[in-house]
>>> print(open('start23.cif').read())   # mmCIF, C-alpha atoms
data_input
#
loop_
_atom_site.group_PDB
_atom_site.id
_atom_site.type_symbol
_atom_site.label_atom_id
_atom_site.label_comp_id
_atom_site.auth_asym_id
_atom_site.auth_seq_id
_atom_site.Cartn_x
_atom_site.Cartn_y
_atom_site.Cartn_z
ATOM 1 C CA MET A 1 54.003 26.459 -15.388
ATOM 2 C CA ILE A 2 54.028 26.322 -11.579
ATOM 3 C CA ALA A 3 57.365 25.426 -10.060
ATOM 4 C CA ARG A 4 57.776 22.470 -7.742
ATOM 5 C CA GLY A 5 58.483 24.704 -4.794
ATOM 6 C CA THR A 6 55.275 26.603 -5.407
ATOM 7 C CA TRP A 7 53.243 23.329 -5.358
ATOM 8 C CA ILE A 8 54.781 22.350 -2.048
ATOM 9 C CA ALA A 9 53.956 25.725 -0.595
ATOM 10 C CA LEU A 10 50.326 25.493 -1.781
ATOM 11 C CA LEU A 11 49.860 21.998 -0.331
ATOM 12 C CA ALA A 12 51.321 23.078 2.974
ATOM 13 C CA ALA A 13 48.971 26.049 3.117
ATOM 14 C CA LEU A 14 45.992 23.816 2.264
ATOM 15 C CA SER A 15 46.925 21.321 5.003
ATOM 16 C CA ILE A 16 47.219 24.107 7.535
ATOM 17 C CA ALA A 17 43.755 25.368 6.499
ATOM 18 C CA LEU A 18 42.128 21.910 6.756
ATOM 19 C CA VAL A 19 43.439 21.029 10.222
ATOM 20 C CA PRO A 20 41.054 23.364 12.065
ATOM 21 C CA ALA A 21 38.119 22.126 9.933
ATOM 22 C CA LEU A 22 38.909 18.499 10.663
ATOM 23 C CA GLY A 23 39.366 19.226 14.304
ATOM 24 C CA LEU A 24 36.019 21.028 14.396
ATOM 25 C CA ALA A 25 34.286 18.045 12.722
ATOM 26 C CA GLN A 26 35.791 15.663 15.242
ATOM 27 C CA GLU A 27 34.782 17.948 18.078
ATOM 28 C CA ASP A 28 31.213 18.134 16.746
ATOM 29 C CA ALA A 29 31.149 14.321 16.332
ATOM 30 C CA ARG A 30 32.359 13.935 19.933
ATOM 31 C CA THR A 31 29.605 16.270 21.135
ATOM 32 C CA LEU A 32 26.961 14.360 19.181
ATOM 33 C CA PHE A 33 28.296 11.073 20.532
ATOM 34 C CA GLN A 34 28.018 12.336 24.112
ATOM 35 C CA ARG A 35 24.477 13.570 23.483
ATOM 36 C CA GLY A 36 23.619 10.134 22.144
ATOM 37 C CA GLN A 37 25.085 8.519 25.251
ATOM 38 C CA THR A 38 22.957 10.747 27.470
ATOM 39 C CA ALA A 39 19.788 10.025 25.485
ATOM 40 C CA TYR A 40 20.497 6.267 25.579
ATOM 41 C CA SER A 41 21.001 6.268 29.353
ATOM 42 C CA GLN A 42 17.653 8.094 29.725
ATOM 43 C CA GLY A 43 15.832 5.520 27.577
ATOM 44 C CA ASP A 44 15.312 7.885 24.650
ATOM 45 C CA TYR A 45 16.597 5.471 22.016
ATOM 46 C CA ASP A 46 15.220 7.382 19.040
ATOM 47 C CA ALA A 47 17.201 10.474 20.070
ATOM 48 C CA ALA A 48 20.302 8.350 20.661
ATOM 49 C CA ILE A 49 20.034 6.932 17.141
ATOM 50 C CA GLU A 50 19.659 10.423 15.684
ATOM 51 C CA GLN A 51 22.719 11.799 17.525
ATOM 52 C CA TRP A 52 24.950 8.787 16.803
ATOM 53 C CA THR A 53 23.958 8.718 13.147
ATOM 54 C CA ARG A 54 24.954 12.377 12.751
ATOM 55 C CA ALA A 55 28.193 11.703 14.586
ATOM 56 C CA TYR A 56 28.991 8.829 12.245
ATOM 57 C CA GLU A 57 28.426 11.071 9.228
ATOM 58 C CA LEU A 58 31.043 13.499 10.566
ATOM 59 C CA ASP A 59 33.486 10.920 11.874
ATOM 60 C CA PRO A 60 32.723 7.342 10.616
ATOM 61 C CA ARG A 61 34.170 5.360 13.465
ATOM 62 C CA PRO A 62 32.999 1.706 13.398
ATOM 63 C CA LEU A 63 32.271 1.623 17.122
ATOM 64 C CA LEU A 64 29.396 4.064 16.555
ATOM 65 C CA GLN A 65 27.662 1.342 14.528
ATOM 66 C CA PHE A 66 28.090 -1.014 17.476
ATOM 67 C CA ASN A 67 26.343 1.537 19.696
ATOM 68 C CA LEU A 68 23.620 2.100 17.102
ATOM 69 C CA SER A 69 22.867 -1.626 17.017
ATOM 70 C CA GLN A 70 22.111 -1.574 20.750
ATOM 71 C CA ALA A 71 19.645 1.313 20.358
ATOM 72 C CA TYR A 72 17.965 -0.386 17.387
ATOM 73 C CA GLU A 73 17.596 -3.599 19.373
ATOM 74 C CA ARG A 74 16.008 -1.734 22.286
ATOM 75 C CA LEU A 75 13.356 -0.407 19.884
ATOM 76 C CA GLY A 76 12.712 -3.868 18.416
ATOM 77 C CA ARG A 77 14.230 -2.880 15.070
ATOM 78 C CA LEU A 78 16.127 -6.128 14.820
ATOM 79 C CA GLU A 79 16.913 -5.970 11.117
ATOM 80 C CA ASP A 80 18.415 -2.480 11.520
ATOM 81 C CA ALA A 81 20.432 -3.766 14.484
ATOM 82 C CA ILE A 82 21.790 -6.627 12.367
ATOM 83 C CA ARG A 83 22.813 -4.234 9.567
ATOM 84 C CA ALA A 84 24.601 -1.929 12.039
ATOM 85 C CA LEU A 85 26.551 -4.848 13.520
ATOM 86 C CA GLU A 86 27.478 -6.146 10.080
ATOM 87 C CA LEU A 87 28.780 -2.694 9.140
ATOM 88 C CA TYR A 88 30.784 -2.583 12.358
ATOM 89 C CA LEU A 89 32.299 -6.047 11.676
ATOM 90 C CA GLU A 90 33.148 -4.995 8.128
ATOM 91 C CA ARG A 91 35.001 -1.807 9.100
ATOM 92 C CA ALA A 92 36.330 -2.401 12.595
ATOM 93 C CA ASP A 93 39.854 -3.498 13.434
ATOM 94 C CA PRO A 94 39.964 -7.337 13.559
ATOM 95 C CA ASN A 95 41.605 -7.060 16.965
ATOM 96 C CA ASP A 96 38.842 -4.866 18.376
ATOM 97 C CA GLU A 97 37.628 -6.277 21.700
ATOM 98 C CA HIS A 98 33.970 -5.999 20.592
ATOM 99 C CA GLN A 99 34.381 -8.293 17.565
ATOM 100 C CA SER A 100 33.432 -11.577 19.246
ATOM 101 C CA ASP A 101 30.497 -9.971 21.059
ATOM 102 C CA ALA A 102 29.236 -8.470 17.790
ATOM 103 C CA ARG A 103 29.334 -11.835 16.000
ATOM 104 C CA ALA A 104 27.441 -13.551 18.812
ATOM 105 C CA ARG A 105 24.801 -10.819 18.830
ATOM 106 C CA VAL A 106 24.309 -11.017 15.058
ATOM 107 C CA SER A 107 23.652 -14.754 15.368
ATOM 108 C CA ALA A 108 21.200 -14.271 18.250
ATOM 109 C CA LEU A 109 19.364 -11.455 16.456
ATOM 110 C CA ARG A 110 18.961 -13.509 13.290
ATOM 111 C CA GLU A 111 17.464 -16.328 15.349
ATOM 112 C CA ARG A 112 14.985 -13.904 16.943
ATOM 113 C CA VAL A 113 13.996 -12.508 13.541
ATOM 114 C CA GLY A 114 13.322 -16.074 12.370
ATOM 115 C CA ARG A 115 10.894 -16.590 15.275
ATOM 116 C CA THR A 116 8.926 -13.408 14.534
ATOM 117 C CA SER A 117 5.801 -14.688 12.816
ATOM 118 C CA VAL A 118 2.014 -14.968 12.590
ATOM 119 C CA ARG A 119 0.084 -18.235 12.747
ATOM 120 C CA VAL A 120 -3.235 -18.283 10.832
ATOM 121 C CA THR A 121 -5.860 -20.752 12.074
ATOM 122 C CA GLY A 122 -9.458 -21.422 11.003
ATOM 123 C CA GLY A 123 -11.246 -20.334 7.844
ATOM 124 C CA PRO A 124 -12.532 -22.473 4.953
ATOM 125 C CA GLU A 125 -10.149 -24.894 3.319
ATOM 126 C CA GLY A 126 -8.271 -23.501 0.321
ATOM 127 C CA ALA A 127 -8.715 -19.836 1.269
ATOM 128 C CA THR A 128 -5.953 -17.416 0.200
ATOM 129 C CA ILE A 129 -3.810 -15.884 2.976
ATOM 130 C CA LEU A 130 -2.490 -12.367 2.319
ATOM 131 C CA VAL A 131 0.027 -10.628 4.583
ATOM 132 C CA ASP A 132 0.394 -6.930 3.761
ATOM 133 C CA GLY A 133 -1.071 -7.710 0.317
ATOM 134 C CA GLU A 134 1.404 -10.533 -0.414
ATOM 135 C CA ASP A 135 0.130 -14.054 -1.130
ATOM 136 C CA ARG A 136 1.434 -16.315 1.651
ATOM 137 C CA GLY A 137 -0.307 -19.609 0.858
ATOM 138 C CA ARG A 138 -3.621 -21.359 1.455
ATOM 139 C CA THR A 139 -5.565 -22.591 4.469
ATOM 140 C CA PRO A 140 -5.042 -24.693 6.404
ATOM 141 C CA ARG A 141 -1.475 -23.522 7.079
ATOM 142 C CA PRO A 142 -0.311 -24.817 10.470
ATOM 143 C CA ASP A 143 3.276 -23.558 10.114
ATOM 144 C CA PRO A 144 4.074 -19.971 11.224
ATOM 145 C CA ILE A 145 4.446 -17.271 8.556
ATOM 146 C CA GLN A 146 7.639 -15.297 9.131
ATOM 147 C CA VAL A 147 7.227 -11.505 9.191
ATOM 148 C CA PRO A 148 9.380 -8.595 10.375
ATOM 149 C CA PRO A 149 8.488 -7.083 13.760
ATOM 150 C CA GLY A 150 5.780 -4.443 13.659
ATOM 151 C CA SER A 151 2.221 -3.967 12.418
ATOM 152 C CA HIS A 152 0.833 -6.209 9.671
ATOM 153 C CA ARG A 153 -2.501 -6.496 7.848
ATOM 154 C CA ILE A 154 -3.785 -10.062 7.530
ATOM 155 C CA ALA A 155 -6.488 -10.845 4.938
ATOM 156 C CA VAL A 156 -8.098 -14.182 4.061
ATOM 157 C CA ARG A 157 -10.202 -14.572 0.919
ATOM 158 C CA ALA A 158 -12.381 -17.450 -0.296
ATOM 159 C CA GLN A 159 -15.022 -17.661 -2.999
ATOM 160 C CA GLY A 160 -18.526 -17.415 -1.556
ATOM 161 C CA TYR A 161 -17.336 -15.867 1.736
ATOM 162 C CA SER A 162 -16.930 -12.325 3.005
ATOM 163 C CA GLU A 163 -13.272 -11.296 3.240
ATOM 164 C CA PHE A 164 -11.611 -11.568 6.639
ATOM 165 C CA THR A 165 -9.196 -8.790 7.656
ATOM 166 C CA SER A 166 -7.231 -8.145 10.817
ATOM 167 C CA THR A 167 -4.344 -5.871 11.803
ATOM 168 C CA VAL A 168 -1.877 -7.330 14.304
ATOM 169 C CA VAL A 169 1.283 -6.031 15.966
ATOM 170 C CA VAL A 170 4.003 -8.682 16.100
ATOM 171 C CA PRO A 171 6.741 -8.074 18.711
ATOM 172 C CA ALA A 172 10.287 -9.072 17.818
ATOM 173 C CA GLY A 173 10.975 -12.753 18.422
ATOM 174 C CA GLN A 174 7.333 -13.651 19.077
ATOM 175 C CA SER A 175 4.556 -15.428 17.163
ATOM 176 C CA VAL A 176 1.010 -14.020 17.105
ATOM 177 C CA ASP A 177 -2.037 -16.235 16.454
ATOM 178 C CA VAL A 178 -4.725 -14.969 14.069
ATOM 179 C CA THR A 179 -8.039 -16.848 14.305
ATOM 180 C CA VAL A 180 -10.062 -16.577 11.077
ATOM 181 C CA GLU A 181 -13.874 -16.500 11.185
ATOM 182 C CA MET A 182 -15.614 -15.986 7.833
ATOM 183 C CA GLN A 183 -19.294 -15.586 6.995
ATOM 184 C CA VAL A 184 -20.979 -16.860 3.843
ATOM 185 C CA ALA A 185 -21.376 -13.894 1.500
ATOM 186 C CA SER A 186 -24.923 -12.620 0.960
ATOM 187 C CA GLY A 187 -26.292 -14.026 -2.289
ATOM 188 C CA GLY A 188 -23.498 -16.558 -2.459
ATOM 189 C CA GLY A 189 -25.769 -19.510 -1.770
ATOM 190 C CA ALA A 190 -24.789 -22.996 -0.726
ATOM 191 C CA GLN A 191 -22.220 -24.677 -2.878
ATOM 192 C CA VAL A 192 -21.797 -28.225 -4.071
ATOM 193 C CA ALA A 193 -18.369 -29.594 -3.116
ATOM 194 C CA GLU A 194 -17.499 -31.046 -6.517
ATOM 195 C CA GLY A 195 -18.911 -28.603 -8.994
ATOM 196 C CA GLY A 196 -19.164 -25.455 -6.929
ATOM 197 C CA GLY A 197 -22.618 -24.670 -8.428
ATOM 198 C CA GLU A 198 -25.788 -23.767 -6.622
ATOM 199 C CA LEU A 199 -27.851 -26.528 -5.039
ATOM 200 C CA PRO A 200 -30.870 -27.238 -7.344
ATOM 201 C CA VAL A 201 -33.573 -26.438 -4.810
ATOM 202 C CA VAL A 202 -36.561 -26.266 -7.211
ATOM 203 C CA PRO A 203 -36.133 -29.803 -8.642
ATOM 204 C CA ILE A 204 -35.829 -31.226 -5.133
ATOM 205 C CA ILE A 205 -39.051 -29.518 -4.076
ATOM 206 C CA LEU A 206 -40.871 -30.817 -7.150
ATOM 207 C CA PHE A 207 -39.550 -34.353 -6.648
ATOM 208 C CA SER A 208 -40.581 -34.294 -2.997
ATOM 209 C CA ALA A 209 -44.059 -32.959 -3.750
ATOM 210 C CA GLY A 210 -44.513 -35.507 -6.524
ATOM 211 C CA GLY A 211 -43.465 -38.385 -4.291
ATOM 212 C CA ALA A 212 -45.852 -37.241 -1.545
ATOM 213 C CA ALA A 213 -48.720 -36.988 -4.043
ATOM 214 C CA LEU A 214 -48.055 -40.478 -5.380
ATOM 215 C CA ILE A 215 -48.060 -41.929 -1.879
ATOM 216 C CA ALA A 216 -51.278 -40.092 -0.972
ATOM 217 C CA GLY A 217 -52.931 -41.227 -4.217
ATOM 218 C CA ALA A 218 -51.951 -44.830 -3.595
ATOM 219 C CA ILE A 219 -53.435 -44.715 -0.071
ATOM 220 C CA MET A 220 -56.660 -43.141 -1.355
ATOM 221 C CA GLY A 221 -56.895 -45.751 -4.103
ATOM 222 C CA GLY A 222 -56.512 -48.571 -1.579
ATOM 223 C CA ILE A 223 -59.266 -47.118 0.601
ATOM 224 C CA ALA A 224 -61.563 -46.637 -2.440
ATOM 225 C CA LEU A 225 -61.031 -50.249 -3.536
ATOM 226 C CA SER A 226 -61.835 -51.531 -0.046
ATOM 227 C CA ASP A 227 -64.998 -49.387 0.169
ATOM 228 C CA ALA A 228 -66.151 -50.566 -3.262
ATOM 229 C CA GLU A 229 -65.790 -54.217 -2.282
ATOM 230 C CA ASN A 230 -67.785 -53.684 0.909
ATOM 231 C CA ALA A 231 -70.585 -51.655 -0.773
ATOM 232 C CA PRO A 232 -74.059 -53.416 -0.725
ATOM 233 C CA GLY A 233 -74.601 -52.660 -4.428
ATOM 234 C CA ARG A 234 -73.214 -50.771 -7.446
ATOM 235 C CA ASP A 235 -75.856 -48.058 -7.135
ATOM 236 C CA SER A 236 -75.653 -47.688 -3.384
ATOM 237 C CA PRO A 237 -74.385 -44.465 -1.739
ATOM 238 C CA GLU A 238 -71.367 -46.396 -0.470
ATOM 239 C CA ALA A 239 -70.413 -47.396 -4.010
ATOM 240 C CA ASP A 240 -70.787 -43.771 -5.238
ATOM 241 C CA ALA A 241 -68.525 -42.571 -2.434
ATOM 242 C CA ALA A 242 -65.958 -45.219 -3.315
ATOM 243 C CA ARG A 243 -65.965 -44.133 -6.975
ATOM 244 C CA GLY A 244 -65.487 -40.480 -5.938
ATOM 245 C CA LEU A 245 -62.577 -41.451 -3.723
ATOM 246 C CA ALA A 246 -61.059 -43.476 -6.569
ATOM 247 C CA LEU A 247 -61.318 -40.431 -8.862
ATOM 248 C CA GLY A 248 -59.555 -38.320 -6.250
ATOM 249 C CA ALA A 249 -56.831 -40.957 -5.999
ATOM 250 C CA ASP A 250 -56.333 -40.891 -9.783
ATOM 251 C CA ILE A 251 -56.089 -37.084 -9.785
ATOM 252 C CA THR A 252 -53.631 -37.071 -6.857
ATOM 253 C CA MET A 253 -51.397 -39.730 -8.443
ATOM 254 C CA GLY A 254 -51.517 -37.923 -11.778
ATOM 255 C CA ALA A 255 -50.440 -34.748 -10.014
ATOM 256 C CA GLY A 256 -47.578 -36.646 -8.402
ATOM 257 C CA VAL A 257 -46.388 -37.938 -11.758
ATOM 258 C CA ALA A 258 -46.622 -34.427 -13.242
ATOM 259 C CA LEU A 259 -44.685 -32.882 -10.361
ATOM 260 C CA ALA A 260 -41.922 -35.454 -10.652
ATOM 261 C CA ALA A 261 -41.744 -34.892 -14.407
ATOM 262 C CA ALA A 262 -41.585 -31.144 -13.879
ATOM 263 C CA GLY A 263 -38.730 -31.598 -11.432
ATOM 264 C CA LEU A 264 -36.831 -33.666 -13.983
ATOM 265 C CA ILE A 265 -37.380 -31.023 -16.673
ATOM 266 C CA VAL A 266 -36.163 -28.201 -14.408
ATOM 267 C CA LEU A 267 -33.098 -30.231 -13.423
ATOM 268 C CA LEU A 268 -32.189 -30.953 -17.048
ATOM 269 C CA VAL A 269 -32.702 -27.336 -18.088
ATOM 270 C CA SER A 270 -30.590 -26.089 -15.153
ATOM 271 C CA ASP A 271 -27.711 -28.449 -15.979
ATOM 272 C CA SER A 272 -27.735 -27.461 -19.648
ATOM 273 C CA GLY A 273 -27.062 -23.814 -18.756
ATOM 274 C CA GLY A 274 -23.290 -24.464 -18.640
ATOM 275 C CA GLY A 275 -21.142 -21.598 -17.439
ATOM 276 C CA GLU A 276 -23.550 -18.875 -18.644
ATOM 277 C CA GLU A 277 -25.345 -16.771 -16.104
ATOM 278 C CA ARG A 278 -28.931 -17.912 -15.672
ATOM 279 C CA GLN A 279 -31.982 -15.895 -14.778
ATOM 280 C CA PRO A 280 -33.925 -16.926 -11.650
ATOM 281 C CA GLU A 281 -36.326 -19.788 -12.311
ATOM 282 C CA ARG A 282 -40.039 -18.833 -12.352
ATOM 283 C CA ILE A 283 -42.491 -21.736 -12.214
ATOM 284 C CA SER A 284 -46.260 -21.909 -11.826
ATOM 285 C CA LEU A 285 -48.226 -25.102 -11.139
ATOM 286 C CA ALA A 286 -51.901 -25.457 -12.120
ATOM 287 C CA PRO A 287 -53.729 -28.653 -11.016
ATOM 288 C CA TRP A 288 -56.429 -30.036 -13.304
ATOM 289 C CA GLY A 289 -58.855 -32.921 -13.084
ATOM 290 C CA GLY A 290 -61.797 -34.547 -14.759
ATOM 291 C CA SER A 291 -63.718 -37.783 -15.082
ATOM 292 C CA SER A 292 -60.871 -39.351 -17.031
ATOM 293 C CA GLY A 293 -58.055 -38.399 -14.616
ATOM 294 C CA GLY A 294 -56.064 -35.416 -13.454
ATOM 295 C CA GLY A 295 -52.644 -33.897 -13.084
ATOM 296 C CA VAL A 296 -50.708 -30.663 -12.747
ATOM 297 C CA ALA A 297 -49.831 -28.288 -15.601
ATOM 298 C CA VAL A 298 -46.343 -26.771 -15.303
ATOM 299 C CA ALA A 299 -45.636 -23.368 -16.823
ATOM 300 C CA GLY A 300 -42.775 -20.959 -16.400
ATOM 301 C CA SER A 301 -39.442 -19.753 -17.649
ATOM 302 C CA PHE A 302 -36.003 -21.193 -16.905
#
>>> encode(input="start23.cif", output="structure tokens")
Amino acid sequence: MIARGTWIALLAALSIALVPALGLAQEDARTLFQRGQTAYSQGDYDAAIEQWTRAYELDPRPLLQFNLSQAYERLGRLEDAIRALELYLERADPNDEHQSDARARVSALRERVGRTSVRVTGGPEGATILVDGEDRGRTPRPDPIQVPPGSHRIAVRAQGYSEFTSTVVVPAGQSVDVTVEMQVASGGGAQVAEGGGELPVVPIILFSAGGAALIAGAIMGGIALSDAENAPGRDSPEADAARGLALGADITMGAGVALAAAGLIVLLVSDSGGGEERQPERISLAPWGGSSGGGVAVAGSF
């Protein structure tokens, strides 16, 4: 068992051995601090941060954090500057002359961080806004989106449109506008506002063609009736021409009715497809006519 006197002697020897080591650490910290001061005065803030950080590791004096906050602020690293000031306020003497200045600067820096933002304008309604891959709402979004200072990737996505992407650099305390311009995706097609489905182009074409044929047939029929009434006799050339025109009118009107019916069939078949993927519509029209009338035969797959 070691005697009390021996313990005292050992502790004394250990203290004597540690004094030079502590003094060397403080001397190294002082040297690093001075190097940081020189770098800061020359505008090399990165080097100042490196030297002061190493000095703080050797000799954690709170005032070094105060100095670090100034270098961070010069580089636009406002959040790092706030953390350094908070660490200084936590560890410094309450009577330190820099306390009030540090509190005021923390408040001002937090206000600047709150103003650092991007403002997204344009784009289709309801598009998703992504900032650095994070969902930040839908368009239109007139209010600024708060971001930390630095480079950010802005993406806007909407169904039926090609994705919009942009990389912007946002300075500390500033707001950067991002104007979104999106193109309709190839193969996306026009969309109906309510249902979001494709516009039924084929039925519209068939309805239009059918209506035009009906109108043309009605006009031809009116002309044929007038010519027949003015013909000198039933067997006269004028009467034969009128009957031929009347036959053409019947065929044209029959074709109009058939086209309209085909349009209705295509529309009904398209609507009955539900949510399943449909194959492209293939339709062929074959007009027919005879002494008893005429029309259009519709064939195809839907």
>>> resolve_selection(input="start23.cif", expression="the PyMOL selection byres ((chain A and resi 167-169) around 10)", output="ChimeraX atom specification")
/A:118,131-132,149-155,165-166,170-172,176-178
>>> write_last_selection(input="start23.cif", atoms="C-alpha atoms", output="CSV table (one decimal), in the coordinates of the input")
chain,number,residue,atom,x,y,z
A,118,VAL,CA,2.0,-15.0,12.6
A,131,VAL,CA,0.0,-10.6,4.6
A,132,ASP,CA,0.4,-6.9,3.8
A,149,PRO,CA,8.5,-7.1,13.8
A,150,GLY,CA,5.8,-4.4,13.7
A,151,SER,CA,2.2,-4.0,12.4
A,152,HIS,CA,0.8,-6.2,9.7
A,153,ARG,CA,-2.5,-6.5,7.8
A,154,ILE,CA,-3.8,-10.1,7.5
A,155,ALA,CA,-6.5,-10.8,4.9
A,165,THR,CA,-9.2,-8.8,7.7
A,166,SER,CA,-7.2,-8.1,10.8
A,170,VAL,CA,4.0,-8.7,16.1
A,171,PRO,CA,6.7,-8.1,18.7
A,172,ALA,CA,10.3,-9.1,17.8
A,176,VAL,CA,1.0,-14.0,17.1
A,177,ASP,CA,-2.0,-16.2,16.5
A,178,VAL,CA,-4.7,-15.0,14.1
>>> closest_residue(input="start23.cif", among="A:Pro237, A:Thr121, A:Glu50, A:Glu97", to="Leu32 (chain A)", atoms="all atoms listed in the file")
A:Glu50
>>> axis_aligned_box(input="start23.cif", around="region 85-97 of chain A", padding_each_side="3 Å", output="lines of an AutoDock Vina configuration file")
center_x = 34.1
center_y = -4.6
center_z = 14.9
size_x = 21.1
size_y = 11.5
size_z = 19.6
>>> closest_residue(input="start23.cif", among="A:Ala241, A:Ile82, A:Gln70, A:Ala47", to="Val113 (chain A)", atoms="all atoms listed in the file")
A:Ile82
>>> residues_near_point(input="start23.cif", point="(20.5, -0.6, 10.1)", cutoff="12 Å", atoms="all atoms listed in the file", output="ChimeraX atom specification")
/A:49,53,64-73,76-88
>>> resolve_selection(input="start23.cif", expression="the PyMOL selection byres ((chain A and resi 129) around 7)", output="ChimeraX atom specification")
/A:127-128,130-131,135-138,155-157
>>> atom_distance(input="start23.cif", atom1="CA of Arg112 (chain A)", atom2="CA of Gln146 (chain A)")
10.8 Å
>>> atom_distance(input="start23.cif", atom1="CA of Glu57 (chain A)", atom2="CA of Gly36 (chain A)")
13.8 Å
>>> closest_residue(input="start23.cif", among="A:Pro232, A:Gly160, A:Gly248, A:Gly123", to="Glu181 (chain A)", atoms="all atoms listed in the file")
A:Gly123
>>> atom_distance(input="start23.cif", atom1="CA of Gln174 (chain A)", atom2="CA of Glu111 (chain A)")
11.1 Å
>>> closest_residue(input="start23.cif", among="A:Val147, A:Phe33, A:Ile219, A:Gly43", to="Asp59 (chain A)", atoms="all atoms listed in the file")
A:Phe33
>>> decode(input="start23.cif", residues="region 37-50 of chain A", atoms="N, CA, C and O atoms", output="JSON list (two decimals), in the first residue's frame")
[["chain", "number", "residue", "atom", "x", "y", "z"],
["A", 37, "GLN", "N", -5.65, 35.56, -37.41],
["A", 37, "GLN", "CA", -5.83, 37.00, -37.50],
["A", 37, "GLN", "C", -5.24, 37.54, -38.80],
["A", 37, "GLN", "O", -5.83, 38.38, -39.48],
["A", 38, "THR", "N", -4.04, 37.06, -39.13],
["A", 38, "THR", "CA", -3.38, 37.51, -40.36],
["A", 38, "THR", "C", -4.19, 37.11, -41.59],
["A", 38, "THR", "O", -4.40, 37.93, -42.51],
["A", 39, "ALA", "N", -4.65, 35.86, -41.62],
["A", 39, "ALA", "CA", -5.45, 35.40, -42.76],
["A", 39, "ALA", "C", -6.74, 36.20, -42.89],
["A", 39, "ALA", "O", -7.17, 36.57, -44.00],
["A", 40, "TYR", "N", -7.38, 36.50, -41.75],
["A", 40, "TYR", "CA", -8.64, 37.26, -41.78],
["A", 40, "TYR", "C", -8.41, 38.67, -42.32],
["A", 40, "TYR", "O", -9.19, 39.16, -43.16],
["A", 41, "SER", "N", -7.33, 39.31, -41.90],
["A", 41, "SER", "CA", -7.05, 40.67, -42.36],
["A", 41, "SER", "C", -6.73, 40.69, -43.86],
["A", 41, "SER", "O", -6.94, 41.71, -44.53],
["A", 42, "GLN", "N", -6.24, 39.57, -44.40],
["A", 42, "GLN", "CA", -5.93, 39.47, -45.83],
["A", 42, "GLN", "C", -7.12, 39.00, -46.66],
["A", 42, "GLN", "O", -7.01, 38.84, -47.87],
["A", 43, "GLY", "N", -8.26, 38.75, -46.01],
["A", 43, "GLY", "CA", -9.46, 38.32, -46.73],
["A", 43, "GLY", "C", -9.52, 36.83, -47.00],
["A", 43, "GLY", "O", -10.41, 36.37, -47.72],
["A", 44, "ASP", "N", -8.58, 36.07, -46.44],
["A", 44, "ASP", "CA", -8.60, 34.62, -46.61],
["A", 44, "ASP", "C", -9.37, 34.01, -45.44],
["A", 44, "ASP", "O", -8.80, 33.48, -44.47],
["A", 45, "TYR", "N", -10.70, 34.04, -45.55],
["A", 45, "TYR", "CA", -11.54, 33.64, -44.42],
["A", 45, "TYR", "C", -11.54, 32.13, -44.20],
["A", 45, "TYR", "O", -11.68, 31.68, -43.06],
["A", 46, "ASP", "N", -11.37, 31.37, -45.25],
["A", 46, "ASP", "CA", -11.28, 29.91, -45.07],
["A", 46, "ASP", "C", -10.07, 29.54, -44.23],
["A", 46, "ASP", "O", -10.15, 28.68, -43.33],
["A", 47, "ALA", "N", -8.92, 30.18, -44.53],
["A", 47, "ALA", "CA", -7.71, 29.90, -43.74],
["A", 47, "ALA", "C", -7.87, 30.38, -42.31],
["A", 47, "ALA", "O", -7.40, 29.72, -41.36],
["A", 48, "ALA", "N", -8.53, 31.52, -42.12],
["A", 48, "ALA", "CA", -8.75, 32.02, -40.76],
["A", 48, "ALA", "C", -9.59, 31.03, -39.95],
["A", 48, "ALA", "O", -9.29, 30.76, -38.78],
["A", 49, "ILE", "N", -10.62, 30.48, -40.59],
["A", 49, "ILE", "CA", -11.47, 29.50, -39.89],
["A", 49, "ILE", "C", -10.66, 28.27, -39.52],
["A", 49, "ILE", "O", -10.78, 27.73, -38.40],
["A", 50, "GLU", "N", -9.81, 27.82, -40.43],
["A", 50, "GLU", "CA", -8.99, 26.63, -40.15],
["A", 50, "GLU", "C", -8.06, 26.87, -38.97],
["A", 50, "GLU", "O", -7.96, 26.03, -38.05]]
